[in-house]
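Visitor: If it helps, the file is called data-v5.txt and holds compact mmCIF, C-alpha atoms:
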```txt
# COMPACT_ATOMS: atom_id res chain seq x y z
CA MET A 524 45.37 118.23 71.33
CA ILE A 525 47.03 115.07 72.73
CA ASP A 526 46.38 114.40 76.41
CA LEU A 527 49.87 114.02 77.86
CA SER A 528 48.62 112.19 80.93
CA VAL A 529 47.01 109.53 78.74
CA SER A 530 50.21 109.06 76.74
CA ARG A 531 52.25 108.75 79.90
CA LYS A 532 49.82 106.17 81.27
CA GLN A 533 50.21 104.16 78.08
CA ILE A 534 54.00 104.32 78.36
CA ASP A 535 53.81 103.21 82.01
CA ASP A 536 51.67 100.21 81.03
CA ILE A 537 54.04 99.26 78.20
CA ASP A 538 57.06 99.60 80.51
CA SER A 539 55.41 97.29 83.05
CA GLN A 540 54.93 94.70 80.32
CA ILE A 541 58.55 95.08 79.26
CA VAL A 542 59.71 94.45 82.86
CA GLU A 543 57.48 91.37 83.10
CA LEU A 544 58.82 89.99 79.82
CA PHE A 545 62.40 90.79 80.81
CA GLU A 546 62.04 88.78 84.01
CA LYS A 547 60.58 85.86 82.05
CA ARG A 548 63.56 86.09 79.71
CA MET A 549 65.99 86.00 82.63
CA GLN A 550 64.25 82.88 84.00
CA VAL A 551 64.93 81.18 80.68
CA ALA A 552 68.51 82.50 80.80
CA ASN A 553 68.88 80.66 84.10
CA GLU A 554 67.91 77.40 82.38
CA VAL A 555 70.43 78.15 79.63
CA ALA A 556 73.11 78.70 82.28
CA LYS A 557 72.31 75.31 83.86
CA TYR A 558 72.65 73.64 80.47
CA LYS A 559 75.99 75.33 79.84
CA ILE A 560 77.24 74.23 83.28
CA GLU A 561 76.33 70.61 82.48
CA THR A 562 77.83 70.63 78.98
CA GLY A 563 80.79 72.97 79.49
CA LYS A 564 79.53 75.19 76.68
CA ALA A 565 80.85 78.75 76.48
CA VAL A 566 78.57 81.57 77.62
CA PHE A 567 79.43 83.88 74.74
CA ASP A 568 78.33 82.70 71.29
CA LYS A 569 79.20 85.59 69.04
CA GLN A 570 77.82 84.09 65.84
CA ARG A 571 74.42 83.31 67.37
CA GLU A 572 74.15 86.78 68.89
CA GLU A 573 74.96 88.46 65.58
CA GLU A 574 72.39 86.33 63.75
CA LYS A 575 69.79 87.12 66.41
CA LEU A 576 70.47 90.88 66.24
CA GLU A 577 70.10 90.79 62.45
CA ARG A 578 66.77 88.97 62.75
CA LEU A 579 65.40 91.25 65.47
CA GLY A 580 66.51 94.37 63.65
CA ALA A 581 64.67 93.20 60.54
CA LEU A 582 61.42 92.95 62.53
CA SER A 583 61.44 96.70 63.20
CA HIS A 584 60.29 99.50 60.89
CA GLY A 585 62.58 102.29 59.78
CA GLU A 586 66.34 102.78 59.98
CA PHE A 587 66.26 104.49 63.37
CA ASN A 588 64.14 101.76 64.99
CA GLU A 589 66.32 99.05 63.47
CA ARG A 590 69.45 100.52 65.04
CA ALA A 591 67.62 101.10 68.32
CA VAL A 592 66.32 97.52 68.47
CA ARG A 593 69.79 96.14 67.77
CA GLU A 594 71.26 98.30 70.55
CA LEU A 595 68.46 97.39 72.97
CA PHE A 596 68.80 93.65 72.48
CA SER A 597 72.58 93.87 72.46
CA GLN A 598 72.28 95.26 76.00
CA ILE A 599 69.72 92.64 77.04
CA MET A 600 71.97 89.83 75.80
CA SER A 601 74.94 91.42 77.55
CA ILE A 602 72.98 91.49 80.83
CA SER A 603 71.99 87.87 80.29
CA ARG A 604 75.63 86.88 79.80
CA LYS A 605 76.65 88.70 82.96
CA TYR A 606 73.99 86.79 84.87
CA GLN A 607 75.24 83.50 83.44
CA TYR A 608 78.85 84.32 84.34
CA GLY A 609 77.65 84.91 87.90
CA VAL A 610 75.92 81.53 88.30
CA LEU A 611 78.62 79.48 86.61
CA PRO A 612 80.88 77.73 89.15
CA HIS A 613 84.22 79.43 89.81
CA THR A 614 87.07 77.84 87.94
CA ASP A 615 90.82 78.00 88.44
CA ASP A 616 91.57 79.19 84.92
CA VAL A 617 90.45 82.81 85.29
CA THR A 618 94.00 83.60 86.49
CA ASP A 619 97.07 81.68 87.62
CA PHE A 620 97.61 83.91 90.65
CA LYS A 621 98.21 82.22 93.99
CA LYS A 622 97.23 83.60 97.37
CA VAL A 623 100.16 84.03 99.78
CA PRO A 624 100.63 85.56 103.27
CA GLU A 625 103.00 88.31 102.02
CA ALA A 626 103.25 89.71 98.50
CA PHE A 627 106.99 90.37 98.75
CA GLN A 628 109.85 90.19 101.24
CA LYS A 629 111.56 93.34 102.48
CA GLU A 630 114.70 91.91 104.07
CA ASN A 631 117.73 90.19 102.54
CA VAL A 632 116.59 90.85 99.00
CA LYS A 633 118.28 92.19 95.88
CA VAL A 634 116.31 94.94 94.13
CA TYR A 635 117.01 96.49 90.73
CA TYR A 636 115.85 100.07 90.16
CA PHE A 637 115.88 102.32 87.13
CA GLY A 638 118.58 104.97 86.76
CA VAL A 639 121.88 105.85 88.35
CA PRO A 640 122.18 106.51 92.12
CA GLY A 641 120.22 109.56 93.17
CA THR A 642 117.04 108.92 91.19
CA HIS A 643 113.56 109.25 92.57
CA THR A 644 113.19 105.54 91.85
CA GLN A 645 116.09 104.74 94.18
CA GLN A 646 114.44 106.82 96.90
CA ALA A 647 111.14 104.98 96.35
CA MET A 648 112.97 101.64 96.59
CA GLU A 649 114.58 102.60 99.89
CA ASP A 650 111.28 103.90 101.25
CA VAL A 651 109.71 100.50 100.55
CA PHE A 652 112.56 98.10 101.34
CA GLY A 653 114.61 100.18 103.79
CA SER A 654 117.92 101.99 103.35
CA ALA A 655 119.89 98.79 103.98
CA VAL A 656 118.46 97.06 100.91
CA GLU A 657 120.86 95.74 98.28
CA GLY A 658 119.83 98.10 95.50
CA ILE A 659 121.34 97.85 92.04
CA SER A 660 120.96 100.64 89.52
CA CYS A 661 120.00 99.79 85.96
CA GLN A 662 120.20 102.07 82.95
CA SER A 663 116.97 100.94 81.28
CA PHE A 664 113.44 99.94 82.17
CA GLN A 665 113.94 96.77 80.13
CA GLY A 666 117.05 95.86 82.10
CA VAL A 667 115.06 95.91 85.35
CA MET A 668 112.40 93.65 83.82
CA GLU A 669 114.99 91.21 82.49
CA ALA A 670 116.87 91.00 85.79
CA VAL A 671 113.68 90.05 87.64
CA GLU A 672 112.54 87.51 85.04
CA LYS A 673 115.97 85.81 84.97
CA GLY A 674 116.18 85.69 88.76
CA GLU A 675 119.15 88.06 88.93
CA ALA A 676 116.98 90.29 91.13
CA ASP A 677 114.32 89.40 93.65
CA TYR A 678 112.30 92.48 92.77
CA GLY A 679 112.37 95.54 90.55
CA VAL A 680 111.11 99.09 91.08
CA LEU A 681 109.91 101.17 88.13
CA PRO A 682 107.95 104.41 87.72
CA ILE A 683 104.61 103.81 86.00
CA GLU A 684 102.59 107.02 86.28
CA ASN A 685 102.95 110.67 87.21
CA SER A 686 100.07 112.76 88.50
CA SER A 687 100.83 115.69 86.18
CA THR A 688 102.22 114.03 83.02
CA GLY A 689 100.34 110.72 82.99
CA GLY A 690 101.46 107.17 82.31
CA ILE A 691 104.99 106.18 81.38
CA SER A 692 104.19 104.41 78.14
CA ALA A 693 107.36 102.34 77.82
CA ASN A 694 106.73 100.54 81.08
CA TYR A 695 103.15 99.66 80.17
CA ASP A 696 104.41 98.02 76.99
CA LEU A 697 107.20 96.19 78.83
CA LEU A 698 104.77 94.62 81.28
CA LEU A 699 103.45 92.46 78.46
CA ASN A 700 106.87 91.38 77.20
CA TYR A 701 107.88 89.64 80.42
CA LYS A 702 106.32 87.08 82.74
CA ASN A 703 106.75 89.28 85.81
CA ALA A 704 103.81 90.43 87.89
CA ILE A 705 103.10 93.61 89.83
CA VAL A 706 103.28 92.72 93.54
CA GLY A 707 103.06 96.21 95.05
CA GLN A 708 102.98 99.93 94.44
CA TYR A 709 104.31 103.04 96.15
CA VAL A 710 103.25 106.65 95.62
CA MET A 711 105.84 109.34 96.36
CA LYS A 712 105.64 113.13 96.24
CA ILE A 713 108.09 114.45 93.65
CA ASP A 714 109.88 117.78 94.05
CA GLN A 715 111.90 118.73 90.99
CA CYS A 716 114.87 121.01 91.67
CA LEU A 717 117.27 122.89 89.44
CA LEU A 718 120.76 121.71 90.35
CA ALA A 719 124.07 123.29 89.36
CA LEU A 720 127.68 123.54 90.52
CA PRO A 721 128.11 125.35 93.86
CA GLY A 722 128.14 129.10 93.38
CA THR A 723 126.33 129.03 90.03
CA LYS A 724 123.94 131.94 89.39
CA LEU A 725 120.65 131.47 87.53
CA GLU A 726 121.70 133.89 84.81
CA GLU A 727 124.82 131.82 84.04
CA ILE A 728 122.83 128.74 83.07
CA LYS A 729 122.31 127.99 79.36
CA THR A 730 121.62 124.25 79.14
CA VAL A 731 119.32 122.20 81.39
CA PHE A 732 119.53 118.40 81.27
CA SER A 733 116.87 116.04 82.58
CA HIS A 734 114.79 112.97 81.86
CA PRO A 735 111.86 113.81 79.52
CA GLN A 736 109.47 113.47 82.48
CA GLY A 737 111.52 115.96 84.51
CA LEU A 738 111.38 118.48 81.68
CA LEU A 739 107.64 117.93 81.18
CA GLN A 740 106.89 118.34 84.87
CA SER A 741 108.87 121.61 84.88
CA ARG A 742 107.75 123.04 81.56
CA ASP A 743 106.26 126.21 83.11
CA PHE A 744 109.59 126.99 84.79
CA MET A 745 111.43 126.38 81.51
CA ASN A 746 108.98 128.63 79.64
CA GLU A 747 109.62 131.37 82.20
CA ASN A 748 113.33 131.09 81.43
CA PRO A 749 113.50 131.08 77.60
CA ALA A 750 117.29 131.42 77.67
CA TYR A 751 117.52 127.85 79.01
CA GLU A 752 117.76 125.05 76.46
CA GLY A 753 116.16 121.85 77.73
CA VAL A 754 118.02 118.69 76.71
CA GLU A 755 116.60 115.21 77.33
CA TYR A 756 118.81 112.79 79.23
CA GLY A 757 118.58 109.17 80.35
CA SER A 758 117.43 109.95 83.89
CA THR A 759 117.25 112.92 86.23
CA ALA A 760 120.10 111.56 88.35
CA ALA A 761 122.26 110.83 85.29
CA ALA A 762 121.71 114.44 84.25
CA ALA A 763 122.90 115.60 87.67
CA ARG A 764 125.98 113.39 87.42
CA LYS A 765 126.79 114.87 84.00
CA VAL A 766 126.62 118.42 85.36
CA SER A 767 128.93 117.44 88.22
CA GLU A 768 131.44 115.67 85.98
CA ASP A 769 131.50 118.36 83.28
CA ASN A 770 132.25 121.04 85.91
CA ASP A 771 130.56 123.67 83.72
CA HIS A 772 128.68 126.57 85.33
CA THR A 773 126.54 127.00 82.19
CA GLN A 774 124.97 123.60 82.77
CA ALA A 775 122.21 122.58 85.17
CA ALA A 776 120.01 119.57 85.76
CA ILE A 777 116.41 119.07 86.84
CA ALA A 778 116.60 116.35 89.46
CA SER A 779 115.93 115.48 93.09
CA ARG A 780 117.41 116.75 96.34
CA ARG A 781 118.84 113.25 96.71
CA ALA A 782 120.77 113.72 93.44
CA ALA A 783 122.13 117.05 94.69
CA ARG A 784 123.60 115.31 97.73
CA GLU A 785 124.83 112.37 95.68
CA TYR A 786 126.80 114.51 93.21
CA GLY A 787 127.80 117.54 95.27
CA LEU A 788 125.53 120.00 93.50
CA GLU A 789 123.68 123.05 94.78
CA ILE A 790 119.93 123.61 94.57
CA VAL A 791 119.59 126.92 92.74
CA ALA A 792 115.80 126.69 92.35
CA ASP A 793 113.53 124.52 94.50
CA SER A 794 110.19 122.83 93.68
CA ILE A 795 110.10 124.04 90.10
CA GLN A 796 107.41 121.57 88.94
CA GLN A 797 104.17 123.29 87.97
CA GLU A 798 102.04 120.82 89.93
CA LYS A 799 102.97 121.37 93.57
CA ASN A 800 101.25 118.13 94.61
CA ASN A 801 103.23 116.30 91.93
CA CYS A 802 103.41 112.56 92.72
CA THR A 803 104.78 109.52 90.93
CA ARG A 804 103.40 106.01 91.29
CA PHE A 805 106.04 103.29 91.32
CA ILE A 806 105.37 99.59 90.81
CA ILE A 807 107.19 96.73 92.48
CA ILE A 808 107.57 93.73 90.18
CA GLY A 809 108.38 90.14 91.05
CA GLN A 810 108.67 86.80 89.31
CA LYS A 811 105.63 85.13 90.86
CA GLU A 812 101.96 85.85 90.23
CA VAL A 813 100.80 86.27 93.81
CA TYR A 814 98.30 88.25 95.85
CA THR A 815 97.26 88.53 99.50
CA GLU A 816 94.05 89.08 101.40
CA LYS A 817 95.02 92.77 101.65
CA SER A 818 95.35 93.16 97.87
CA ASN A 819 92.79 95.74 96.80
CA LYS A 820 93.81 96.81 93.32
CA LEU A 821 94.03 94.88 90.05
CA ALA A 822 96.02 95.85 86.97
CA LEU A 823 94.79 94.35 83.69
CA CYS A 824 95.73 94.44 80.03
CA ILE A 825 92.87 93.99 77.59
CA GLU A 826 92.87 93.79 73.79
CA LEU A 827 89.51 94.30 72.11
CA PRO A 828 87.87 93.05 68.95
CA HIS A 829 88.16 95.80 66.33
CA GLN A 830 84.43 96.52 66.38
CA SER A 831 82.14 99.40 67.24
CA GLY A 832 81.16 99.44 70.92
CA SER A 833 83.63 96.75 72.02
CA LEU A 834 85.26 98.96 74.67
CA TYR A 835 81.88 99.89 76.11
CA ARG A 836 80.82 96.24 76.30
CA ILE A 837 84.03 95.19 78.04
CA LEU A 838 83.94 98.03 80.57
CA SER A 839 80.29 97.28 81.33
CA HIS A 840 81.45 94.13 83.16
CA PHE A 841 83.10 96.36 85.78
CA LEU A 842 80.03 98.60 86.00
CA TYR A 843 77.62 95.68 86.31
CA ASN A 844 79.70 94.10 89.09
CA ASP A 845 79.99 97.47 90.91
CA LEU A 846 83.79 97.64 90.52
CA ASN A 847 85.47 101.03 90.55
CA MET A 848 87.84 101.63 87.65
CA THR A 849 90.65 103.96 88.75
CA GLN A 850 92.67 104.20 85.54
CA ILE A 851 92.60 103.39 81.84
CA GLU A 852 95.54 103.84 79.46
CA SER A 853 95.50 103.00 75.75
CA ARG A 854 98.55 101.81 73.79
CA PRO A 855 98.76 100.89 70.07
CA ILE A 856 99.13 97.18 69.31
CA PRO A 857 102.37 96.59 67.36
CA GLY A 858 101.72 95.47 63.80
CA LYS A 859 98.02 96.39 63.89
CA ASN A 860 97.35 99.90 62.63
CA TRP A 861 94.73 101.81 64.64
CA GLU A 862 94.11 98.91 67.01
CA TYR A 863 94.75 99.38 70.73
CA ARG A 864 95.23 97.52 73.94
CA PHE A 865 94.04 99.01 77.20
CA PHE A 866 95.73 98.96 80.58
CA VAL A 867 93.04 99.16 83.24
CA ASP A 868 93.22 99.41 87.03
CA ILE A 869 90.21 98.44 89.12
CA GLU A 870 89.63 98.18 92.84
CA GLY A 871 89.12 94.68 94.21
CA ASN A 872 90.61 91.36 95.29
CA LEU A 873 90.79 88.14 93.29
CA ASP A 874 88.87 86.35 96.07
CA GLU A 875 85.79 88.53 95.53
CA ALA A 876 82.93 87.03 93.53
CA SER A 877 82.31 90.35 91.77
CA VAL A 878 85.92 90.43 90.56
CA GLN A 879 85.78 86.80 89.42
CA ASN A 880 82.54 87.42 87.56
CA ALA A 881 83.89 90.52 85.81
CA LEU A 882 87.16 88.82 84.83
CA ARG A 883 85.33 85.78 83.53
CA GLY A 884 83.19 87.98 81.29
CA VAL A 885 86.09 90.10 80.08
CA LYS A 886 88.26 87.06 79.40
CA GLU A 887 85.59 85.38 77.29
CA GLU A 888 84.60 88.46 75.29
CA ALA A 889 87.95 90.23 74.83
CA ALA A 890 90.47 89.28 72.16
CA PHE A 891 93.09 89.02 74.94
CA MET A 892 93.19 89.60 78.70
CA ARG A 893 96.02 89.32 81.20
CA VAL A 894 95.98 90.16 84.89
CA LEU A 895 99.25 92.02 85.53
CA GLY A 896 98.90 92.12 89.29
CA ASN A 897 96.62 92.16 92.32
CA PHE A 898 98.34 94.22 94.98
CA GLU A 899 97.80 96.49 97.94
CA ALA A 900 97.36 100.13 97.00
```
I'd like the structure from this file rewritten - as structure tokens, please.

Guide:
Amino acid sequence: MIDLSVSRKQIDDIDSQIVELFEKRMQVANEVAKYKIETGKAVFDKQREEEKLERLGALSHGEFNERAVRELFSQIMSISRKYQYGVLPHTDDVTDFKKVPEAFQKENVKVYYFGVPGTHTQQAMEDVFGSAVEGISCQSFQGVMEAVEKGEADYGVLPIENSSTGGISANYDLLLNYKNAIVGQYVMKIDQCLLALPGTKLEEIKTVFSHPQGLLQSRDFMNENPAYEGVEYGSTAAAARKVSEDNDHTQAAIASRRAAREYGLEIVADSIQQEKNNCTRFIIIGQKEVYTEKSNKLALCIELPHQSGSLYRILSHFLYNDLNMTQIESRPIPGKNWEYRFFVDIEGNLDEASVQNALRGVKEEAAFMRVLGNFEA
């Protein structure tokens, strides 16, 4: 019978040798980094790494060992690259963001927000900029983006994510189509209410209008009332305005208390969303790519090479630099079937070496990377 203690001792001895050899390899990697600093050579040489993995894999015996050796040395080379990114001098081309005292102004500004008056987005805008702000409603997410990019608005406010229904896909896609940057965010508790004409009884209602998000957030309530037909509408507030203008007691809208006041409607059912701690995260967008010393959250868009393990390798830069990833959202890349871009939020500030190191690695190894904002969460 095999003596387990002897086998374990052998493994311990082999592991010690591996550690010793790894440290020798990293010393050589330091010399390579110095050479690349002097010559301006890129850290990541994909062709050389692939050739090296093929050669090392061929030295092993058996299909399993070949795959294992390739994976092992892929990780070792990845660690070596991360080390080299860390010792390379910081450059100004990682991002074009500029550090400023304040990310955005709150007084004497014009702000576009999505939806007609009475939306949750309008309430979020007023919570951030104050009730005296010059707020202009816009009927589309794209319209808000365009107004900011063209300078017709100083800032824009858009919903980006709900705690119970997830990301708002259209706004993720739009962030890439414009040169705007995220300069702030605001999280607001959302209470969805069933609004109808004054005096309307629940049993009279047949049709319920709301934005798709409003209907999704209230799906349990709608399922409990199968006689109600849910109809998607442009925004929750626009749905409330329709009910008011149509003057029809068979109609109702899922919208905010603010919309009830705005359009003279009555709340016939309160807090009907299934998630009672339902919150929506709103982003504040501006023309300039700026951040402050208080900025503690980065939003990134990353497109990956269409290869096995590419997402893991990219995300490992955040892990290796001890950066906490708070969100990841995938979206299909137009014109490229089954290829995806990822919207990632991480904690950190552009001044931090760990953030710079991670971004440098991601930028060099990803097919595309753009920092969408560094803002205070």

Visitor: Hey, which of A:Gln774, A:Ser794, A:Asn588, A:Gln570 ends up closest to Thr723 in chain A? Count all atoms listed in the file.

Guide: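 Counting all atoms listed in the file, the residue closest to Thr723 in chain A is A:Gln774.
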
Visitor: To one decimal in Å, tell me the separation between CA of Gly871 in chain A and CA of Tyr608 in chain A.

Guide: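 Computed distance, CA of Gly871 in chain A to CA of Tyr608 in chain A, equals 17.6 Å.
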
Visitor: What is the CA of Gly809 in chain A-CA of Lys621 in chain A distance in Å, reported with one decimal?

Guide: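 Going from CA of Gly809 in chain A over to CA of Lys621 in chain A covers 13.2 Å.
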
Visitor: List the spatial neighbours of Cys824 in chain A as a list of chain:residue names - criterion: any atom at most 8 Å away, all atoms listed in the file, same-chain residues fewer than 4 positions off excluded.

Guide: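 Within the cut-off, the hits are A:Arg864, A:Phe865, A:Phe866, A:Val867, A:Phe891, A:Met892, A:Arg893, A:Val894, A:Leu895.
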
Visitor: With only C-alpha atoms as the counted atoms, please give the residues lying no more than 12 Å from Phe732 in chain A, apart from itself and same-chain residues fewer than 5 positions off, as a PyMOL selection string.

Guide: chain A and resi 716-719+737-739+741+745+751-767+773-778
